[in-house]
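*Asks:* So here's target06.txt, just compact mmCIF, C-alpha atoms:
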# COMPACT_ATOMS: atom_id res chain seq x y z
CA ALA A 1 -6.33 2.36 -17.41
CA GLN A 2 -4.57 3.57 -14.31
CA LYS A 3 -0.93 2.88 -13.75
CA VAL A 4 1.99 3.94 -11.62
CA THR A 5 5.56 3.56 -12.81
CA GLN A 6 8.63 3.77 -10.62
CA ALA A 7 11.41 3.25 -13.10
CA GLN A 8 14.19 3.13 -10.51
CA THR A 9 14.27 -0.35 -9.05
CA GLU A 10 17.22 0.27 -6.74
CA ILE A 11 19.16 3.34 -5.71
CA SER A 12 22.27 3.39 -3.58
CA VAL A 13 23.67 6.57 -2.06
CA VAL A 14 26.12 7.55 0.61
CA GLU A 15 24.83 9.22 3.74
CA LYS A 16 24.21 12.97 3.43
CA GLU A 17 23.64 12.79 -0.30
CA ASP A 18 20.36 14.05 -1.70
CA VAL A 19 18.28 11.52 -3.58
CA THR A 20 15.17 11.78 -5.74
CA LEU A 21 12.76 8.94 -6.28
CA ASP A 22 10.73 9.20 -9.47
CA CYS A 23 7.06 8.40 -9.89
CA VAL A 24 5.06 8.70 -13.09
CA TYR A 25 1.35 7.97 -13.16
CA GLU A 26 -1.41 7.47 -15.72
CA THR A 27 -5.06 8.18 -15.15
CA ARG A 28 -8.02 9.57 -17.04
CA ASP A 29 -9.70 10.84 -13.91
CA THR A 30 -9.76 14.59 -13.49
CA THR A 31 -9.73 14.22 -9.72
CA TYR A 32 -7.27 11.79 -8.21
CA TYR A 33 -4.93 11.35 -5.28
CA LEU A 34 -1.32 10.36 -5.10
CA PHE A 35 0.51 8.84 -2.17
CA TRP A 36 3.94 7.82 -1.02
CA TYR A 37 4.51 4.96 1.38
CA LYS A 38 7.70 3.76 3.03
CA GLN A 39 8.42 0.09 3.71
CA PRO A 40 11.45 -0.25 6.00
CA PRO A 41 13.27 -3.56 6.40
CA SER A 42 10.88 -4.49 9.22
CA GLY A 43 8.18 -4.80 6.56
CA GLU A 44 5.36 -2.52 7.57
CA LEU A 45 3.96 0.07 5.18
CA VAL A 46 4.09 3.61 6.50
CA PHE A 47 2.03 6.39 4.98
CA LEU A 48 4.12 9.46 4.16
CA ILE A 49 2.02 11.87 2.13
CA ARG A 50 -1.14 12.35 0.11
CA ARG A 51 -1.44 14.87 -2.72
CA ASN A 52 -4.72 15.89 -4.38
CA SER A 53 -4.76 16.44 -8.12
CA PHE A 54 -6.16 19.95 -7.73
CA ASP A 55 -3.34 21.08 -5.47
CA GLU A 56 -0.01 21.34 -7.27
CA GLN A 57 1.83 23.01 -4.44
CA ASN A 58 5.02 21.26 -3.56
CA GLU A 59 5.37 20.10 0.00
CA ILE A 60 8.26 19.92 2.39
CA SER A 61 8.39 18.01 5.62
CA GLY A 62 11.75 18.15 7.28
CA ARG A 63 14.24 16.42 4.96
CA TYR A 64 11.46 15.15 2.72
CA SER A 65 9.98 17.07 -0.17
CA TRP A 66 7.57 16.22 -2.92
CA ASN A 67 7.30 17.72 -6.39
CA PHE A 68 3.93 17.24 -8.08
CA GLN A 69 3.72 18.20 -11.76
CA LYS A 70 0.48 17.47 -13.59
CA SER A 71 1.99 18.52 -16.91
CA THR A 72 4.38 15.58 -16.81
CA SER A 73 2.19 13.28 -14.65
CA SER A 74 4.93 13.00 -12.10
CA PHE A 75 5.05 13.00 -8.32
CA ASN A 76 8.69 12.81 -7.33
CA PHE A 77 10.04 12.42 -3.82
CA THR A 78 13.33 13.94 -2.67
CA ILE A 79 15.21 13.14 0.49
CA THR A 80 17.74 15.78 1.43
CA ALA A 81 20.84 14.82 3.38
CA SER A 82 19.92 11.15 3.41
CA GLN A 83 20.47 9.03 6.49
CA VAL A 84 20.93 5.32 7.02
CA VAL A 85 17.44 5.18 8.57
CA ASP A 86 16.02 6.23 5.21
CA SER A 87 16.97 2.85 3.78
CA ALA A 88 13.69 1.28 2.72
CA VAL A 89 11.49 0.46 -0.22
CA TYR A 90 9.41 3.44 -1.23
CA PHE A 91 6.11 3.04 -3.03
CA CYS A 92 4.21 5.61 -5.01
CA ALA A 93 0.46 4.95 -5.27
CA LEU A 94 -2.55 6.34 -7.08
CA ARG A 95 -6.07 6.28 -5.77
CA GLY A 96 -8.26 4.70 -8.38
CA SER A 97 -11.84 5.39 -9.28
CA TYR A 98 -14.68 4.85 -6.88
CA ASN A 99 -14.82 1.27 -8.03
CA GLN A 100 -13.24 -1.09 -5.54
CA GLY A 101 -13.54 1.26 -2.61
CA GLY A 102 -10.95 3.65 -3.90
CA LYS A 103 -8.24 1.04 -4.02
CA LEU A 104 -4.63 2.07 -4.22
CA ILE A 105 -2.69 1.28 -7.36
CA PHE A 106 0.94 0.84 -6.44
CA GLY A 107 4.12 1.22 -8.39
CA GLN A 108 6.71 -1.53 -8.20
CA GLY A 109 8.65 0.32 -5.54
CA THR A 110 12.16 1.77 -5.37
CA GLU A 111 14.60 0.21 -2.96
CA LEU A 112 16.79 2.90 -1.44
CA SER A 113 19.99 1.93 0.26
CA VAL A 114 21.82 4.62 2.22
CA LYS A 115 25.33 3.62 3.17
CA PRO A 116 27.25 5.22 6.03
CA ASP B 1 -3.18 0.37 21.56
CA ALA B 2 -5.26 1.78 18.75
CA GLY B 3 -4.39 0.78 15.23
CA ILE B 4 -4.60 -2.11 12.84
CA THR B 5 -3.26 -5.52 13.72
CA GLN B 6 -2.86 -8.78 11.85
CA SER B 7 -2.45 -12.32 13.04
CA PRO B 8 -0.60 -14.50 12.70
CA ARG B 9 2.48 -12.61 11.60
CA TYR B 10 4.01 -15.75 10.10
CA LYS B 11 2.34 -18.91 8.90
CA ILE B 12 3.53 -22.04 7.18
CA THR B 13 0.89 -24.36 5.83
CA GLU B 14 0.56 -27.22 3.40
CA THR B 15 -1.06 -27.25 0.01
CA GLY B 16 -4.78 -27.93 0.26
CA ARG B 17 -5.25 -26.72 3.82
CA GLN B 18 -7.61 -23.95 4.80
CA VAL B 19 -5.97 -20.91 6.34
CA THR B 20 -7.52 -17.80 7.87
CA LEU B 21 -5.64 -14.55 8.27
CA MET B 22 -7.08 -12.12 10.79
CA CYS B 23 -7.26 -8.36 10.62
CA HIS B 24 -8.51 -6.09 13.38
CA GLN B 25 -8.71 -2.29 13.49
CA THR B 26 -9.67 -0.02 16.35
CA TRP B 27 -10.41 3.16 14.40
CA SER B 28 -13.96 2.18 13.35
CA HIS B 29 -12.93 2.77 9.76
CA SER B 30 -15.62 1.90 7.25
CA TYR B 31 -13.33 0.63 4.53
CA MET B 32 -11.01 -2.33 4.86
CA PHE B 33 -8.78 -3.96 2.26
CA TRP B 34 -6.66 -7.03 1.72
CA TYR B 35 -3.58 -6.79 -0.50
CA ARG B 36 -0.90 -9.27 -1.35
CA GLN B 37 2.68 -8.26 -2.00
CA ASP B 38 4.78 -10.28 -4.41
CA LEU B 39 8.11 -9.57 -6.04
CA GLY B 40 7.55 -8.15 -9.49
CA HIS B 41 3.91 -7.37 -8.83
CA GLY B 42 3.98 -4.81 -6.08
CA LEU B 43 0.80 -4.80 -4.01
CA ARG B 44 -2.42 -6.09 -5.51
CA LEU B 45 -5.92 -5.84 -4.10
CA ILE B 46 -7.59 -9.13 -3.21
CA TYR B 47 -10.85 -8.02 -1.60
CA TYR B 48 -12.24 -4.94 0.01
CA SER B 49 -15.16 -4.04 2.24
CA ALA B 50 -17.07 -0.78 2.40
CA ALA B 51 -18.83 -1.62 5.68
CA ALA B 52 -19.95 -4.55 7.76
CA ASP B 53 -21.61 -7.17 5.57
CA ILE B 54 -20.51 -5.41 2.36
CA THR B 55 -17.58 -6.97 0.55
CA ASP B 56 -16.40 -7.09 -3.02
CA LYS B 57 -13.67 -8.53 -5.19
CA GLY B 58 -10.45 -6.81 -6.10
CA GLU B 59 -7.92 -7.66 -8.80
CA VAL B 60 -6.91 -11.14 -7.63
CA PRO B 61 -9.78 -12.70 -5.63
CA ASP B 62 -9.60 -16.29 -6.87
CA GLY B 63 -8.98 -18.77 -4.10
CA TYR B 64 -9.86 -16.34 -1.31
CA VAL B 65 -12.96 -15.71 0.76
CA VAL B 66 -13.70 -12.80 3.09
CA SER B 67 -16.36 -11.89 5.57
CA ARG B 68 -17.10 -8.86 7.67
CA SER B 69 -19.66 -9.39 10.36
CA LYS B 70 -18.22 -6.62 12.54
CA THR B 71 -16.77 -3.28 11.49
CA GLU B 72 -13.48 -3.91 13.23
CA ASN B 73 -12.68 -7.36 11.81
CA PHE B 74 -11.96 -8.45 8.26
CA PRO B 75 -10.68 -12.03 8.06
CA LEU B 76 -9.25 -13.47 4.85
CA THR B 77 -9.59 -17.21 4.24
CA LEU B 78 -7.67 -19.30 1.78
CA GLU B 79 -10.07 -22.17 1.23
CA SER B 80 -7.52 -24.62 -0.18
CA ALA B 81 -4.07 -23.11 -0.11
CA THR B 82 -1.83 -23.36 -3.16
CA ARG B 83 1.88 -22.61 -3.56
CA SER B 84 1.03 -19.59 -5.69
CA GLN B 85 -0.59 -18.06 -2.63
CA THR B 86 2.76 -17.86 -0.86
CA SER B 87 3.04 -14.14 -0.29
CA VAL B 88 2.99 -11.33 2.22
CA TYR B 89 -0.57 -10.26 3.00
CA PHE B 90 -1.43 -6.77 4.14
CA CYS B 91 -4.65 -5.57 5.60
CA ALA B 92 -5.48 -1.87 5.39
CA SER B 93 -8.26 0.46 6.42
CA ARG B 94 -9.39 3.99 5.75
CA GLY B 95 -12.03 6.31 6.96
CA THR B 96 -14.60 8.27 5.01
CA GLY B 97 -15.42 11.95 4.62
CA GLY B 98 -12.42 12.98 2.56
CA VAL B 99 -9.92 10.65 4.14
CA TYR B 100 -8.28 8.76 1.33
CA GLU B 101 -5.05 7.40 2.67
CA GLN B 102 -5.04 3.81 3.79
CA TYR B 103 -3.30 2.62 6.91
CA PHE B 104 -1.71 -0.76 6.79
CA GLY B 105 -1.27 -3.55 9.26
CA PRO B 106 2.15 -5.12 9.85
CA GLY B 107 1.55 -7.91 7.33
CA THR B 108 1.35 -11.70 7.47
CA ARG B 109 4.04 -13.72 5.75
CA LEU B 110 2.39 -16.90 4.47
CA THR B 111 4.31 -19.84 3.06
CA VAL B 112 2.46 -22.69 1.39
CA THR B 113 4.57 -25.85 1.06
Spell out the structure here as structure tokens.
*Replies:*
Amino acid sequence: AQKVTQAQTEISVVEKEDVTLDCVYETRDTTYYLFWYKQPPSGELVFLIRRNSFDEQNEISGRYSWNFQKSTSSFNFTITASQVVDSAVYFCALRGSYNQGGKLIFGQGTELSVKP
Amino acid sequence: DAGITQSPRYKITETGRQVTLMCHQTWSHSYMFWYRQDLGHGLRLIYYSAAADITDKGEVPDGYVVSRSKTENFPLTLESATRSQTSVYFCASRGTGGVYEQYFGPGTRLTVT
């Protein structure tokens, strides 16, 4: 079975704090893909990053960074110096098997609130 | 503008009525998907399509029908709407050839009364 768990339902921080969103996944596939999406209050889903299972290099994009660790089946997302505009629901997702067109299996989401 | 659009953005309908949600993409992506988003369930796949005239069921297909006569369109029909189908519906698409991320439309908020 494939599963994504985001144990943090809600996180609240004050602007400029660093914050890490946790994502733990389960899969038996040897090749798989992990994703993070952002859903701001306006409701759309915005693609942030894709990580392939065979590439464990961490990635940094501006204030965003991602830590992929196969040993612990985790793909955590850190926002450095958070800003109010980072307030959103963040979803971690796993690309399933070739069945169902490579559907995305989503975690429940973590609602991040950044207060000024 | 290029991208993926959905219409209507908001819809209120009554139990038992037929409703069609539209999805249109301009990227010529082969794959298209319909998800529903509900509190406590995250996003769940309803139907997907690998190409025009090729569709298949996802996790929660009951009560829904899809068609795909053209690559760019992927309408979702609720044949006889029920209150349990009140949800936010997202359409998504992705390309092929090593492109795995899906790009989502803005969503349709459907309320069944």
*Asks:* Tell me, counting all atoms listed in the file, for each residue of chain A within 6 Å of chain B, which pair of atoms is nearest and how far apart they are in Å to one decimal, in rows ordered by chain and increasing number, as a tab-separated table.
*Replies:*
residue	atom	partner	partner_atom	distance
A:Glu44	CA	B:Pro106	CA	4.7
A:Leu45	CA	B:Phe104	CA	6.0
A:Gln108	CA	B:Gly42	CA	4.8
*Asks:* Residues proximal to (-2.4, -27.1, 2.8) were defined as those with any atom within 12 Å of that point in the file's coordinates, counting only C-alpha atoms. Which are they, as a ChimeraX atom specification?
*Replies:* /B:11-20,78-86,110-113
*Asks:* Counting only C-alpha atoms, which of B:Thr71, B:Ala51, B:Gly97, B:Gly63 gets nearest to His24 of chain B?
*Replies:*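 Selected residue with least distance to His24 of chain B: B:Thr71.
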*Asks:* Separation of atom CA of Glu56 of chain A and atom CA of Lys70 of chain A, in Å?
*Replies:*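 Atom-to-atom, atom CA of Glu56 of chain A to atom CA of Lys70 of chain A, that is 7.4 Å.
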*Asks:* Find the residues near Leu112 of chain A: any atom within 12 Å, counting only C-alpha atoms, skip ones fewer than 6 places away on the same chain, and give them as a ChimeraX atom specification.
*Replies:* /A:8-15,18-22,38-41,77-79,82-91
*Asks:* What's the 6 Å shell around Thr5 of chain A, counting only C-alpha atoms, without same-chain residues fewer than 6 positions away, as a ChimeraX atom specification?
*Replies:* /A:23-24,107
*Asks:* Could those selected residues go to a file with C-alpha atoms, as a compact mmCIF listing (two decimals), keeping the file's coordinate frame?
*Replies:*
# COMPACT_ATOMS: atom_id res chain seq x y z
CA CYS A 23 7.06 8.40 -9.89
CA VAL A 24 5.06 8.70 -13.09
CA GLY A 107 4.12 1.22 -8.39
*Asks:* So which one's closest to Arg36 of chain B, B:Tyr89, B:Tyr64, B:Tyr10, B:Phe74? Using only C-alpha atoms, please.
*Replies:*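 Checking each candidate against Arg36 of chain B, we get B:Tyr89 as the closest.
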*Asks:* Would you mind listing what lies within 8 Å of Thr30 of chain A as a ChimeraX atom specification, with all atoms listed in the file counted and same-chain residues fewer than 2 positions away left out?
*Replies:* /A:28,32,53
*Asks:* Please identify all polymer residues lying at most 12 Å from the point (13.9, 19.6, 7.1) (file coordinates), using all atoms listed in the file, and present the result as a ChimeraX atom specification.
*Replies:* /A:59-65,78-82
*Asks:* With all atoms listed in the file as the basis for distance, which of B:Ile46, B:Val60, B:Leu76, B:Cys91 is at the shortest distance from Leu21 of chain B?
*Replies:*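 Once distances to Leu21 of chain B are computed over all atoms listed in the file, the minimum belongs to B:Leu76.
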*Asks:* In Å, rounded to a single decimal, give me how far atom CA of Phe106 of chain A is from atom CA of Val4 of chain A.
*Replies:*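 Here the two named atoms are 6.1 Å from each other.
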*Asks:* Considering only C-alpha atoms, return as a PyMOL selection string whatever protein or nucleic-acid residues lie within 6 Å of Met22 of chain B, sequence-local ones (same chain, fewer than 2 positions apart) excluded.
*Replies:* chain B and resi 6-7+75
